[in-house]
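> Sharing a structure with you now.
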Amino acid sequence: EDIYALPMDGREGPRRSDVVDLARRFGCVGEEAEQAADEVEKIYRLFVALDCAQVEINPFAQTPDGHAVVCDAKLNFDDNARFRQKNVFDLEDTAESDTRELEATKWDLNYVGLDGNIGCLVNGAGLAMVTMDIIKLYGGKPANFLDVGGSATTQQVTHAFKILTSDSSVQAILVNIFGGIMRCDVIVEGI
């Protein structure tokens, strides 16, 4: 009951009356609701202007004098907008990032490191999820989520395999490719 959805036309943005109503649901009244609505509209404009994939505000608070304040926020940006948002992406701090994930990004691969010992190389997020579930079902632990997609090149597959073999916890590698999406000869050449 504390999660509020605000359906809207993505091209037009939220209607002012809907945003004020949302602020009232937060518990704001009168001028406080108008001021909170202003902040919500600013957040929406930021979301659009910076090609955000996510803007998470927590907490969105009210000062003793009734002003709405964003105290903390988490923002994620659409990787496909990197060319438009160079200034934003230049701010990225990769000091705490997984080096395997950074390497995968260089090669346009989707990689997430996990704590298991069976490396997975698959194509398609759905197949990756099912592959990890099957590994778990039979008592194994996946070491990663690595999706090469449906149009990977030999070089991408080679680098995907290098990422898997660079993980000292990987004791086995499971390759699960749906041939209707990805050419299997490219996978074989890459390996």
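So you can find residues: chains in the structure tokens are A, B, ... in the order shown, residues in each start at 1, and ligands are numbered from 1 in order.
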Please return, as a PyMOL selection string, all residues of range 20-166 of chain A that DSSP assigns to alpha helix (DSSP H) on the basis of the backbone.
chain A and resi 20-25+30-49+86-89+99-106+125-137+154-165
> Select, from A:Leu114, A:Ala160, A:Val130, A:Leu75, the residue with the minimum atom-to-atom distance to Ala143 in chain A, counting only C-alpha atoms.
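Smallest distance to Ala143 in chain A is found for A:Leu114.
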> Excluding Ala33 in chain A and its own-chain neighbours fewer than 3 positions away, which residues fall within 10 Å of it when counting only C-alpha atoms? Please give them as a PyMOL selection string.
chain A and resi 19-30+36-39+66-68
> Leaving out range 69-71 of chain A and any residue of its chain fewer than 4 positions from it, which residues lie within 10 Å of it when counting only C-alpha atoms, given as a list in words?
Gln35, Ala36, Glu39, Val40, Ile43, Ile57, Asn58, Pro59, Phe60, Ala61, Gln62 and Thr63 of chain A
> Residues of the last selection are to be written out with N, CA, C and O atoms, as a PDB file, in the first residue's frame.

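Saved file selection.pdb follows:
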ATOM      1  N   GLN A  35       4.644  21.901  -3.922  1.00  0.00           N
ATOM      2  CA  GLN A  35       6.103  21.906  -3.918  1.00  0.00           C
ATOM      3  C   GLN A  35       6.657  20.500  -4.129  1.00  0.00           C
ATOM      4  O   GLN A  35       7.601  20.292  -4.872  1.00  0.00           O
ATOM      5  N   ALA A  36       6.052  19.492  -3.507  1.00  0.00           N
ATOM      6  CA  ALA A  36       6.472  18.103  -3.707  1.00  0.00           C
ATOM      7  C   ALA A  36       6.227  17.678  -5.156  1.00  0.00           C
ATOM      8  O   ALA A  36       7.051  16.991  -5.764  1.00  0.00           O
ATOM      9  N   GLU A  39       8.991  18.817  -7.348  1.00  0.00           N
ATOM     10  CA  GLU A  39      10.171  17.950  -7.252  1.00  0.00           C
ATOM     11  C   GLU A  39       9.981  16.664  -8.067  1.00  0.00           C
ATOM     12  O   GLU A  39      10.896  16.212  -8.741  1.00  0.00           O
ATOM     13  N   VAL A  40       8.791  16.096  -8.013  1.00  0.00           N
ATOM     14  CA  VAL A  40       8.508  14.881  -8.790  1.00  0.00           C
ATOM     15  C   VAL A  40       8.624  15.188 -10.277  1.00  0.00           C
ATOM     16  O   VAL A  40       9.195  14.395 -11.043  1.00  0.00           O
ATOM     17  N   ILE A  43      12.209  15.322 -11.221  1.00  0.00           N
ATOM     18  CA  ILE A  43      12.771  13.967 -11.306  1.00  0.00           C
ATOM     19  C   ILE A  43      12.408  13.333 -12.646  1.00  0.00           C
ATOM     20  O   ILE A  43      13.254  12.706 -13.302  1.00  0.00           O
ATOM     21  N   ILE A  57      14.510   7.094  -5.731  1.00  0.00           N
ATOM     22  CA  ILE A  57      14.648   8.103  -4.683  1.00  0.00           C
ATOM     23  C   ILE A  57      14.280   7.459  -3.351  1.00  0.00           C
ATOM     24  O   ILE A  57      13.189   6.944  -3.191  1.00  0.00           O
ATOM     25  N   ASN A  58      15.223   7.492  -2.413  1.00  0.00           N
ATOM     26  CA  ASN A  58      14.934   6.930  -1.097  1.00  0.00           C
ATOM     27  C   ASN A  58      15.948   7.479  -0.103  1.00  0.00           C
ATOM     28  O   ASN A  58      17.108   7.118  -0.170  1.00  0.00           O
ATOM     29  N   PRO A  59      15.563   8.352   0.765  1.00  0.00           N
ATOM     30  CA  PRO A  59      14.196   8.826   0.991  1.00  0.00           C
ATOM     31  C   PRO A  59      13.890  10.135   0.243  1.00  0.00           C
ATOM     32  O   PRO A  59      14.774  10.903  -0.091  1.00  0.00           O
ATOM     33  N   PHE A  60      12.623  10.302   0.007  1.00  0.00           N
ATOM     34  CA  PHE A  60      12.050  11.558  -0.466  1.00  0.00           C
ATOM     35  C   PHE A  60      11.396  12.133   0.771  1.00  0.00           C
ATOM     36  O   PHE A  60      10.413  11.599   1.256  1.00  0.00           O
ATOM     37  N   ALA A  61      12.001  13.167   1.346  1.00  0.00           N
ATOM     38  CA  ALA A  61      11.599  13.624   2.678  1.00  0.00           C
ATOM     39  C   ALA A  61      11.007  15.030   2.643  1.00  0.00           C
ATOM     40  O   ALA A  61      11.042  15.713   1.623  1.00  0.00           O
ATOM     41  N   GLN A  62      10.492  15.416   3.787  1.00  0.00           N
ATOM     42  CA  GLN A  62       9.934  16.749   3.946  1.00  0.00           C
ATOM     43  C   GLN A  62      10.635  17.412   5.129  1.00  0.00           C
ATOM     44  O   GLN A  62      10.744  16.835   6.213  1.00  0.00           O
ATOM     45  N   THR A  63      11.143  18.633   4.899  1.00  0.00           N
ATOM     46  CA  THR A  63      11.818  19.370   5.960  1.00  0.00           C
ATOM     47  C   THR A  63      10.773  19.888   6.950  1.00  0.00           C
ATOM     48  O   THR A  63       9.574  19.923   6.627  1.00  0.00           O
TER      49      THR A  63
END
> What does the distance from CA of Ile118 in chain A to CA of Leu174 in chain A come to in Å, to one decimal?
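Straight-line distance from CA of Ile118 in chain A to CA of Leu174 in chain A works out to 6.9 Å.
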> Could you list, as a short mmCIF file (atom, residue, chain, number, x, y, z; two decimals) with N, CA and C atoms, in the first residue's frame, every residue within 12 Å of Glu189 in chain A, counting only C-alpha atoms and ignoring same-chain residues fewer than 6 positions away?

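Saved to around-v5.cif:
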data_model
loop_
_atom_site.label_atom_id
_atom_site.label_comp_id
_atom_site.auth_asym_id
_atom_site.auth_seq_id
_atom_site.Cartn_x
_atom_site.Cartn_y
_atom_site.Cartn_z
N ALA A 152 26.70 -12.55 -32.01
CA ALA A 152 28.09 -12.43 -31.57
C ALA A 152 29.04 -12.82 -32.68
N THR A 153 30.20 -12.18 -32.67
CA THR A 153 31.26 -12.52 -33.61
C THR A 153 32.17 -13.56 -32.96
N THR A 154 33.04 -14.13 -33.77
CA THR A 154 34.02 -15.08 -33.25
C THR A 154 34.87 -14.43 -32.16
N GLN A 155 35.27 -13.17 -32.38
CA GLN A 155 36.10 -12.45 -31.41
C GLN A 155 35.35 -12.26 -30.09
N GLN A 156 34.06 -11.96 -30.15
CA GLN A 156 33.29 -11.80 -28.93
C GLN A 156 33.22 -13.11 -28.15
N VAL A 157 33.00 -14.20 -28.85
CA VAL A 157 32.93 -15.51 -28.19
C VAL A 157 34.28 -15.86 -27.58
N THR A 158 35.36 -15.58 -28.30
CA THR A 158 36.71 -15.83 -27.77
C THR A 158 36.92 -15.05 -26.48
N HIS A 159 36.55 -13.79 -26.46
CA HIS A 159 36.72 -12.98 -25.26
C HIS A 159 35.78 -13.42 -24.14
N PHE A 161 34.95 -16.48 -23.60
CA PHE A 161 35.61 -17.67 -23.05
C PHE A 161 36.81 -17.28 -22.19
N ARG A 183 24.58 -18.57 -34.69
CA ARG A 183 25.27 -19.55 -35.55
C ARG A 183 26.26 -20.34 -34.70
#
> Taking 3 positions as the minimum chain separation for residues in the same chain, which residues sit within 7 Å of Val112 in chain A when counting only C-alpha atoms? Answer as a PyMOL selection string.
chain A and resi 101+144-146
> Keeping only N, CA and C atoms, write the selected residues as a CSV table (one decimal), in the first residue's frame.

chain,number,residue,atom,x,y,z
A,101,GLU,N,33.1,-8.0,-15.5
A,101,GLU,CA,32.0,-7.3,-16.0
A,101,GLU,C,32.5,-6.1,-16.9
A,144,ASN,N,28.5,-17.6,-13.1
A,144,ASN,CA,28.2,-16.4,-13.8
A,144,ASN,C,26.9,-16.5,-14.6
A,145,PHE,N,26.6,-15.3,-15.1
A,145,PHE,CA,25.5,-15.2,-16.1
A,145,PHE,C,26.3,-14.5,-17.3
A,146,LEU,N,26.5,-15.2,-18.4
A,146,LEU,CA,27.2,-14.7,-19.6
A,146,LEU,C,26.4,-15.0,-20.8
> Please report, as a VMD selection string, each residue of chain A to which DSSP assigns strand (DSSP E or B) when run on this structure's backbone.
chain A and resid 9 13 52 to 57 60 to 62 68 to 70 73 to 77 110 to 113 118 to 122 142 144 to 147 172 to 176
